[in-house]
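*Asks:* Take a look at this one; I'll ask things after.
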2 protein chains.
Amino acid sequence: MSSNRPSLPKGTRDFSPIEMARRNYIFDTIKKVYKKYGFQQIETPAMENLSTLVGTGGDESDKLIFKILNSGDFLAKADEKALQEKNANGLTKLIAEKALHYDLTVPFARYVVQNQNEITFPFRRFQIQPVWRADRPQRGRYREFYQCDADIIGSDSLLNEVDLIKIIDDVFSELFQGKLNYTVSVNNRKILQGIVESIGETDKFEQIIVAIDKYDKIGEEGVTKELEKLKITSRSIDELYVLLKLREARDIVAIEDKDDVEKIGMPQYGINQLEILERNINSINGVRGIEELESIFRNLDKLELKTANLKLDLTLARGLGYYTGTIIEVKVDNFPSICGGGRYDDLTGKFGLKDVSGVGISFGADRIYDVLLDNNLYPKFEGDSTQVLFVNFGEKEQDYCLPLLFQLRDEDINAEIYPDVGAKLKKQMTFANNKNINYVVLVGSDEMNSGKLTVKNMQTGEQHAFTIEELIQELKK
Amino acid sequence: MSSNRPSLPKGTRDFSPIEMARRNYIFDTIKKVYKKYGFQQIETPAMENLSTLVGTGGDESDKLIFKILNSGDFLAKADEKALQEKNANGLTKLIAEKALHYDLTVPFARYVVQNQNEITFPFRRFQIQPVWRADRPQRGRYREFYQCDADIIGSDSLLNEVDLIKIIDDVFSELFQGKLNYTVSVNNRKILQGIVESIGETDKFEQIIVAIDKYDKIGEEGVTKELEKLKITSRSIDELYVLLKLREARDIVAIEDKDDVEKIGMPQYGINQLEILERNINSINGVRGIEELESIFRNLDKLELKTANLKLDLTLARGLGYYTGTIIEVKVDNFPSICGGGRYDDLTGKFGLKDVSGVGISFGADRIYDVLLDNNLYPKFEGDSTQVLFVNFGEKEQDYCLPLLFQLRDEDINAEIYPDVGAKLKKQMTFANNKNINYVVLVGSDEMNSGKLTVKNMQTGEQHAFTIEELIQELKK
């Protein structure tokens with residue numbers, strides 16, 4: 001029946017062997033770098049109590065949570081009234097007490113609070129797992145996708161930020177091999193606060209930030225419209241832009257002392273912009289944020305970045321409510337963010353553990369996957385699959401080949417024999433070709449008599465006569 | 001608020017860094033062996049369409065499926081009548097169209113059918129992913145647990161069974177290091193069919209098999225009671241036991257020619273039992289099953305097993321409806337099954353692809369985890385975590401240490417600096433101890449003047465003065 005033709009839920013997908021090899025290459029690279037910086041891996045279950053997840057990322061995030069129907073008679077506890085009124089919202093919590101995590105940060109916060117007595121702080125943990133979001137699927141956005149998170153919790157030292165940006169630099173230097181430009185944009189929530197305080201609109205901080213965050217997408221005109229809707233006076237809007245527009249060093253230079261840039265140095269990191277901003281901003285919060293960023297930039301300048309373009313971006317807010325200090329985002333041209341993160345001062349507060357500062361980043365493996373594919377940046381993954389195939393000419397030949405096959409395997413060489421006796425040679429060679437097998441061993445009566453196997457190199461087409469020991473030596477080269 | 005104290009859904013759990021290291025060790029071992037045998041990794045999403053999953057493993061399996069509530073207004077499409085009658089069963093399919101997979105075999109079958117034109121058969125795939133079952137949680141049984149599956153699809157050669165049993169032998173030889181006894185029990189569904197045909201009860205095959213499968217748990221008396229309930233005559237029950245009781249070679253010897261065992265040889269694999277059974281069974285099906293097992297046993301005898309105890313177990317059925325040939329189960333004393341599998345001739349039939357034979361096994365990673373832990377069989381995992389910690393004595397020392405720290409990292413040495421300036425030395429040393437860090441680097445004014453770092457070996461307590469280059473050499477040894 002064609003009605004039985006199987007499909008996948010929208011926004012989800014399978015990974016074929018080659019896709020797995022590519023994805024594992026990304027995971028392995030990130031994992032190796034995380035470990036180099038002292039991070040330890042943990043894993044949390046896919047499902048959490050719904051009460052753990054709701055109310056951490058705001059209403060919009062709550063809608064993205066996939067809820068799991070209670071098992072058994074889930075309607076027994078259901079509210080009669082909600083049922084009759086078909087009130088889905090009111091019913092959800094009664095019939096679905098569990099849900100799939102939509103990020104790795106909230107489960108990590110829950111983990112830290114639950115295991116606070118066993119953990120040695122500052123705790124550097126990494127976590128590579130799928131997350132699920134009931135988002136509208138589109139190119140580059142899936143409903144099930146992998147996040148690769150690293151967080152340091154229990155330390156407010158800015159060295160942690162330095163490490164995270166160096167990790168980003170290490171990971172993309174390796175993955176992009178210097179062949180692709182990428183930008184690490186950095187901001188600090190306190191600077192945004194300072195700027196909003198400076199223009200006297202502290203009460204509307206959240207809404208103003210949401211508007212500014214869209215600068216990339218809707219431009220100055222769009223942002224102005226949103227700010228006007230918030231009843232910000234045009235004087236304040238102008239003031240806001242003067243402070244924000246410090247993004248481009250050149251802009252400042254025009255209105256300030258031209259010598260400033262030379263004097264302060266490191267214009268590529270925007271430190272000069274920060275120092276000028278410091279003189280123009282009227283907020284203790286803002287000044288603290290500026291000092292934090294300066295410390296990070298100075299250390300990175302001393303340690304040097306391999307390939308990352310580091311950039312101050314005063315419009316960067318990354319929506320999420322929980323950032324309180326540094327904000328980080330990594331972009332490649334024409335792609336949505338491939339990595340992001342920041343500092344949060346009260347992530348574990350919801351679970352009863354106050355005043356624990358943390359900072360973290362998250363690599364979006366699925367987008368990085370696409371970037372590497374589009375730019376032809378994957379290595380060849382040789383040796384990952386089968387290296388040797390024994391052709392199967394018949395019962396007698398099969399009996400002769402079996403012990404040889406296992407001799408290769410015991411030497412950790414990936415090898416197989418075509419399992420079906422009497423399959424046509426052409427079919428077996430096609431099998432070897434499709435599976436990218438490097439060497440095919442052909443054994444007929446001549447070979448069984450002489451003990452010399454005919455070994456065909458599938459790339460060059462050359463054939464050689466080898467004893468099994470010689471073949472092992474050849475393969476171990 | 002204490003009501004906010006977080007917890008996990010029952011039957012699920014977190015994995016701490018040491019638990020992750022152990023679990024990754026198991027995964028890596030299995031993965032390496034799978035690749036050695038030519039298997040390629042794929043991954044399927046956690047969620048499938050509910051219609052893909054239901055009706056494959058029978059009603060009991062369907063109850064174990066965790067369903068995912070449709071997003072948005074899930075009641076809009078709900079049936080009024082089912083709502084008013086609080087008919088949970090009738091409502092499920094309307095409000096939950098997706099579900100979490102409860103094994104990796106059904107998603108694999110779906111994958112094969114969907115990608116049949118891209119796949120080169122015979123297809124050897126492996127898959128290591130969590131699965132979810134709404135089972136009653138108990139010791140060793142979780143609601144979220146990992147399966148490590150390998151299947152060969154599109155070949156009915158019995159060499160595939162030989163490979164799978166050799167894989168089991170390779171994996172447990174490495175994990176158990178020869179220090180733990182384990183038994184690989186093998187049976188063939190066709191033999192069970194033959195035995196049931198022989199006693200003339202073909203119609204009641206399924207029920208009889210379900211009863212026999214419990215032999216391990218409820219013994220002969222219990223099985224007899226169940227068979228009587230099925231209205232099997234006591235004459236047939238006796239006959240059934242005569243055929244089944246061939247489990248112990250000794251039993252046969254008592255009623256047959258004593259020389260048989262010696263003559264046929266390999267009593268350890270039960271081949272003699274098979275040949276005697278062949279003479280006593282009256283069924284073409286049964287004889288075919290016996291011949292299949294004999295072929296597997298003879299090849300394994302020739303190739304030799306490293307540590308596995310291979311055993312014929314005629315009561316082994318492994319409940320699951322879809323096995324049609326070989327059945328495999330691996331056990332360690334006092335533990336539930338740690339690996340199982342078998343051959344199925346129509347797994348993809350449900351999705352419209354007929355007559356594709358497959359055979360596979362699945363390692364239960366969570367149970368293997370417990371077995372290794374109980375028997376103290378884990379290696380030490382040195383080098384997996386941080387190797388070097390720089391103690392942080394103050395701003396000036398920190399500035400001095402930072403470039404040295406990155407020199408180590410650039411040499412792929414896992415290293416970190418204690419991030420918080422001015423933390424007490426004792427606190428920093430405790431941190432190093434708890435994190436099992438091997439070397440602690442102490443840098444004060446003396447060290448900064450001389451360029452010789454004081455390096456403390458945390459295991460021996462010894463201290464040495466090293467330049468950074470000497471330290472790198474020491475660590476690379």
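We label chains A, B, ... in the order they appear in the structure tokens, count residues from 1 in each chain, and number ligands from 1 in the order shown.
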List as a count of residues only the protein and nucleic acid residues near Asp151 (chain B), meaning an atom at most 9 Å away when only C-alpha atoms are counted, but skip any in the same chain fewer than 3 places from it.

*Replies:* 14

*Asks:* Determine, counting only C-alpha atoms, which protein, DNA and RNA residues have an atom within 9 Å of an atom of region 42-49 of chain B; residues of the same chain fewer than 2 positions away are not included. Present the result as an mmCIF file with C-alpha atoms, in the first residue's frame.

*Replies:*
data_model
loop_
_atom_site.group_PDB
_atom_site.id
_atom_site.type_symbol
_atom_site.label_atom_id
_atom_site.label_comp_id
_atom_site.auth_asym_id
_atom_site.auth_seq_id
_atom_site.Cartn_x
_atom_site.Cartn_y
_atom_site.Cartn_z
ATOM 1 C CA PRO A 6 7.115 6.005 5.393
ATOM 2 C CA SER A 7 8.138 9.588 6.077
ATOM 3 C CA LEU A 8 9.686 11.644 8.862
ATOM 4 C CA PRO A 9 8.064 14.328 11.011
ATOM 5 C CA THR A 12 13.613 16.220 11.390
ATOM 6 C CA ARG A 13 16.036 14.196 9.252
ATOM 7 C CA ASP A 14 18.208 11.109 9.029
ATOM 8 C CA PHE A 15 21.993 11.074 8.848
ATOM 9 C CA SER A 16 23.521 8.722 6.296
ATOM 10 C CA PRO A 17 27.011 7.198 6.788
ATOM 11 C CA ILE A 18 28.814 10.053 5.001
ATOM 12 C CA GLU A 19 26.738 12.626 6.858
ATOM 13 C CA MET A 20 27.606 10.912 10.138
ATOM 14 C CA PRO A 130 20.254 17.132 20.429
ATOM 15 C CA GLU A 144 15.717 18.444 16.198
ATOM 16 C CA GLN B 40 28.701 2.189 8.796
ATOM 17 C CA SER B 51 2.049 5.670 12.623
ATOM 18 C CA THR B 52 5.596 4.471 11.845
ATOM 19 C CA LEU B 53 6.023 3.061 15.332
ATOM 20 C CA ILE B 68 4.491 13.846 21.802
ATOM 21 C CA GLU B 97 1.000 12.527 15.849
ATOM 22 C CA LYS B 98 4.654 12.097 16.790
ATOM 23 C CA ALA B 99 6.403 9.813 19.279
ATOM 24 C CA LEU B 100 9.849 8.902 20.615
ATOM 25 C CA HIS B 101 11.301 5.720 19.102
ATOM 26 C CA LEU B 104 16.427 1.455 16.748
ATOM 27 C CA PRO B 107 13.460 3.474 12.570
ATOM 28 C CA PHE B 108 16.173 1.567 10.682
ATOM 29 C CA TYR B 111 15.254 4.426 6.874
ATOM 30 C CA ARG B 125 24.784 -0.224 9.454
ATOM 31 C CA PHE B 126 25.308 0.558 13.108
ATOM 32 C CA GLN B 127 23.465 3.046 15.259
ATOM 33 C CA ILE B 128 24.208 4.201 18.812
ATOM 34 C CA GLN B 129 21.374 6.289 20.228
ATOM 35 C CA PRO B 130 19.050 6.564 23.194
ATOM 36 C CA VAL B 131 15.615 4.936 23.046
ATOM 37 C CA TRP B 132 12.604 5.659 25.270
#

*Asks:* In region 294-466 of chain A, what's alpha helix (DSSP H) per DSSP? Answer as an MDAnalysis selection string?

*Replies:* chainID A and resid 294:303 365:374 395:410 425:434 445:450

*Asks:* Kindly indicate which residue among B:Asn280, B:Gln407, B:Ser445, B:Thr348 lies nearest to Gln114 (chain B), using only C-alpha atoms for the distances.

*Replies:*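 Going through B:Asn280, B:Gln407, B:Ser445, B:Thr348 one by one, the smallest distance to Gln114 (chain B) is for B:Thr348.
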
*Asks:* Between CA of Glu304 (chain B) and CA of Tyr182 (chain B), measure the distance and give it in Å to one decimal.

*Replies:*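 Going from CA of Glu304 (chain B) over to CA of Tyr182 (chain B) covers 15.8 Å.
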
*Asks:* Quick one: residues within 9 Å of Met429 (chain B), only C-alpha atoms counted, chain neighbours fewer than 5 positions away excluded, as a compact mmCIF listing (two decimals) with N, CA, C and O atoms, in the first residue's frame?

*Replies:*
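Output file result-v1.txt follows:
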# COMPACT_ATOMS: atom_id res chain seq x y z
N VAL B 391 48.40 27.46 39.13
CA VAL B 391 47.85 28.14 40.29
C VAL B 391 47.87 29.64 40.02
O VAL B 391 48.76 30.14 39.34
N LYS B 424 42.43 31.29 47.76
CA LYS B 424 43.44 30.70 48.65
C LYS B 424 44.12 29.50 47.99
O LYS B 424 43.48 28.74 47.27
N ASN B 434 40.37 17.33 43.41
CA ASN B 434 39.03 16.84 43.08
C ASN B 434 38.88 16.56 41.59
O ASN B 434 38.13 15.69 41.20
N VAL B 440 50.49 20.37 38.96
CA VAL B 440 50.13 21.73 39.32
C VAL B 440 51.38 22.60 39.15
O VAL B 440 52.46 22.24 39.61

*Asks:* Just how far from CA of Tyr142 (chain B) is CA of Ala88 (chain B), in Å to one decimal?

*Replies:*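 A separation of 24.7 Å between them.
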
*Asks:* Run DSSP on the backbone of this structure and report the residues of region 92-211 of chain B it assigns to strand (DSSP E or B), as a ChimeraX atom specification.

*Replies:* /B:98-100,123-132,138,141,144-153,182-188

*Asks:* Could those selected residues go to a file with N, CA and C atoms, as a short mmCIF file (atom, residue, chain, number, x, y, z; two decimals), in the first residue's frame?

*Replies:*
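Generated output (out.cif):
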data_model
loop_
_atom_site.label_atom_id
_atom_site.label_comp_id
_atom_site.auth_asym_id
_atom_site.auth_seq_id
_atom_site.Cartn_x
_atom_site.Cartn_y
_atom_site.Cartn_z
N LYS B 98 3.25 12.49 16.77
CA LYS B 98 4.65 12.10 16.79
C LYS B 98 4.94 11.32 18.07
N ALA B 99 6.05 10.57 18.08
CA ALA B 99 6.40 9.81 19.28
C ALA B 99 7.90 9.58 19.30
N LEU B 100 8.43 9.23 20.49
CA LEU B 100 9.85 8.90 20.61
C LEU B 100 10.06 7.44 20.24
N PHE B 123 23.58 -4.06 3.21
CA PHE B 123 23.90 -2.84 3.94
C PHE B 123 24.21 -3.17 5.40
N ARG B 124 25.44 -2.87 5.81
CA ARG B 124 25.85 -3.07 7.20
C ARG B 124 25.81 -1.72 7.90
N ARG B 125 24.84 -1.52 8.77
CA ARG B 125 24.78 -0.22 9.45
C ARG B 125 24.84 -0.43 10.97
N PHE B 126 25.45 0.56 11.65
CA PHE B 126 25.31 0.56 13.11
C PHE B 126 24.75 1.89 13.55
N GLN B 127 24.20 1.90 14.75
CA GLN B 127 23.46 3.05 15.26
C GLN B 127 23.58 3.03 16.77
N ILE B 128 24.06 4.11 17.35
CA ILE B 128 24.21 4.20 18.81
C ILE B 128 23.42 5.41 19.27
N GLN B 129 22.26 5.18 19.85
CA GLN B 129 21.37 6.29 20.23
C GLN B 129 20.52 5.89 21.42
N PRO B 130 19.98 6.91 22.12
CA PRO B 130 19.05 6.56 23.19
C PRO B 130 17.70 6.12 22.62
N VAL B 131 16.99 5.30 23.36
CA VAL B 131 15.62 4.94 23.05
C VAL B 131 14.79 5.19 24.31
N TRP B 132 13.48 5.31 24.14
CA TRP B 132 12.60 5.66 25.27
C TRP B 132 11.47 4.65 25.40
N GLN B 138 12.93 0.24 37.21
CA GLN B 138 13.47 -0.56 38.32
C GLN B 138 14.98 -0.67 38.12
N ARG B 141 16.70 -0.97 34.79
CA ARG B 141 15.76 -0.69 33.71
C ARG B 141 15.36 0.77 33.74
N GLU B 144 14.84 5.99 29.66
CA GLU B 144 15.70 6.47 28.57
C GLU B 144 17.01 5.71 28.68
N PHE B 145 17.36 4.95 27.65
CA PHE B 145 18.61 4.20 27.71
C PHE B 145 19.18 4.05 26.30
N TYR B 146 20.48 3.75 26.25
CA TYR B 146 21.16 3.69 24.96
C TYR B 146 21.16 2.27 24.40
N GLN B 147 20.90 2.16 23.10
CA GLN B 147 21.11 0.91 22.40
C GLN B 147 22.21 1.10 21.38
N CYS B 148 22.97 0.02 21.16
CA CYS B 148 24.06 0.04 20.18
C CYS B 148 23.78 -1.08 19.20
N ASP B 149 23.13 -0.75 18.10
CA ASP B 149 22.65 -1.76 17.17
C ASP B 149 23.55 -1.92 15.96
N ALA B 150 23.71 -3.16 15.50
CA ALA B 150 24.31 -3.43 14.20
C ALA B 150 23.41 -4.38 13.45
N ASP B 151 23.10 -4.07 12.22
CA ASP B 151 22.27 -4.95 11.38
C ASP B 151 22.87 -5.06 9.99
N ILE B 152 22.67 -6.23 9.38
CA ILE B 152 22.99 -6.41 7.96
C ILE B 152 21.67 -6.67 7.27
N ILE B 153 21.37 -5.87 6.28
CA ILE B 153 20.09 -6.04 5.61
C ILE B 153 20.32 -6.28 4.12
N TYR B 182 30.77 -15.15 30.43
CA TYR B 182 29.50 -14.76 29.82
C TYR B 182 29.11 -15.81 28.78
N THR B 183 27.83 -15.94 28.57
CA THR B 183 27.32 -16.98 27.70
C THR B 183 26.55 -16.38 26.53
N VAL B 184 26.89 -16.82 25.33
CA VAL B 184 26.14 -16.43 24.15
C VAL B 184 25.20 -17.58 23.81
N SER B 185 23.91 -17.41 24.11
CA SER B 185 22.92 -18.45 23.82
C SER B 185 22.36 -18.23 22.42
N VAL B 186 22.22 -19.34 21.70
CA VAL B 186 21.74 -19.23 20.32
C VAL B 186 20.60 -20.22 20.11
N ASN B 187 19.63 -19.81 19.32
CA ASN B 187 18.55 -20.70 18.93
C ASN B 187 18.10 -20.30 17.53
N ASN B 188 17.12 -20.99 17.00
CA ASN B 188 16.60 -20.65 15.68
C ASN B 188 15.08 -20.82 15.72
#

*Asks:* What is the distance between CA of Asp355 (chain A) and CA of Leu158 (chain A), in Å to one decimal?

*Replies:* 16.5 Å
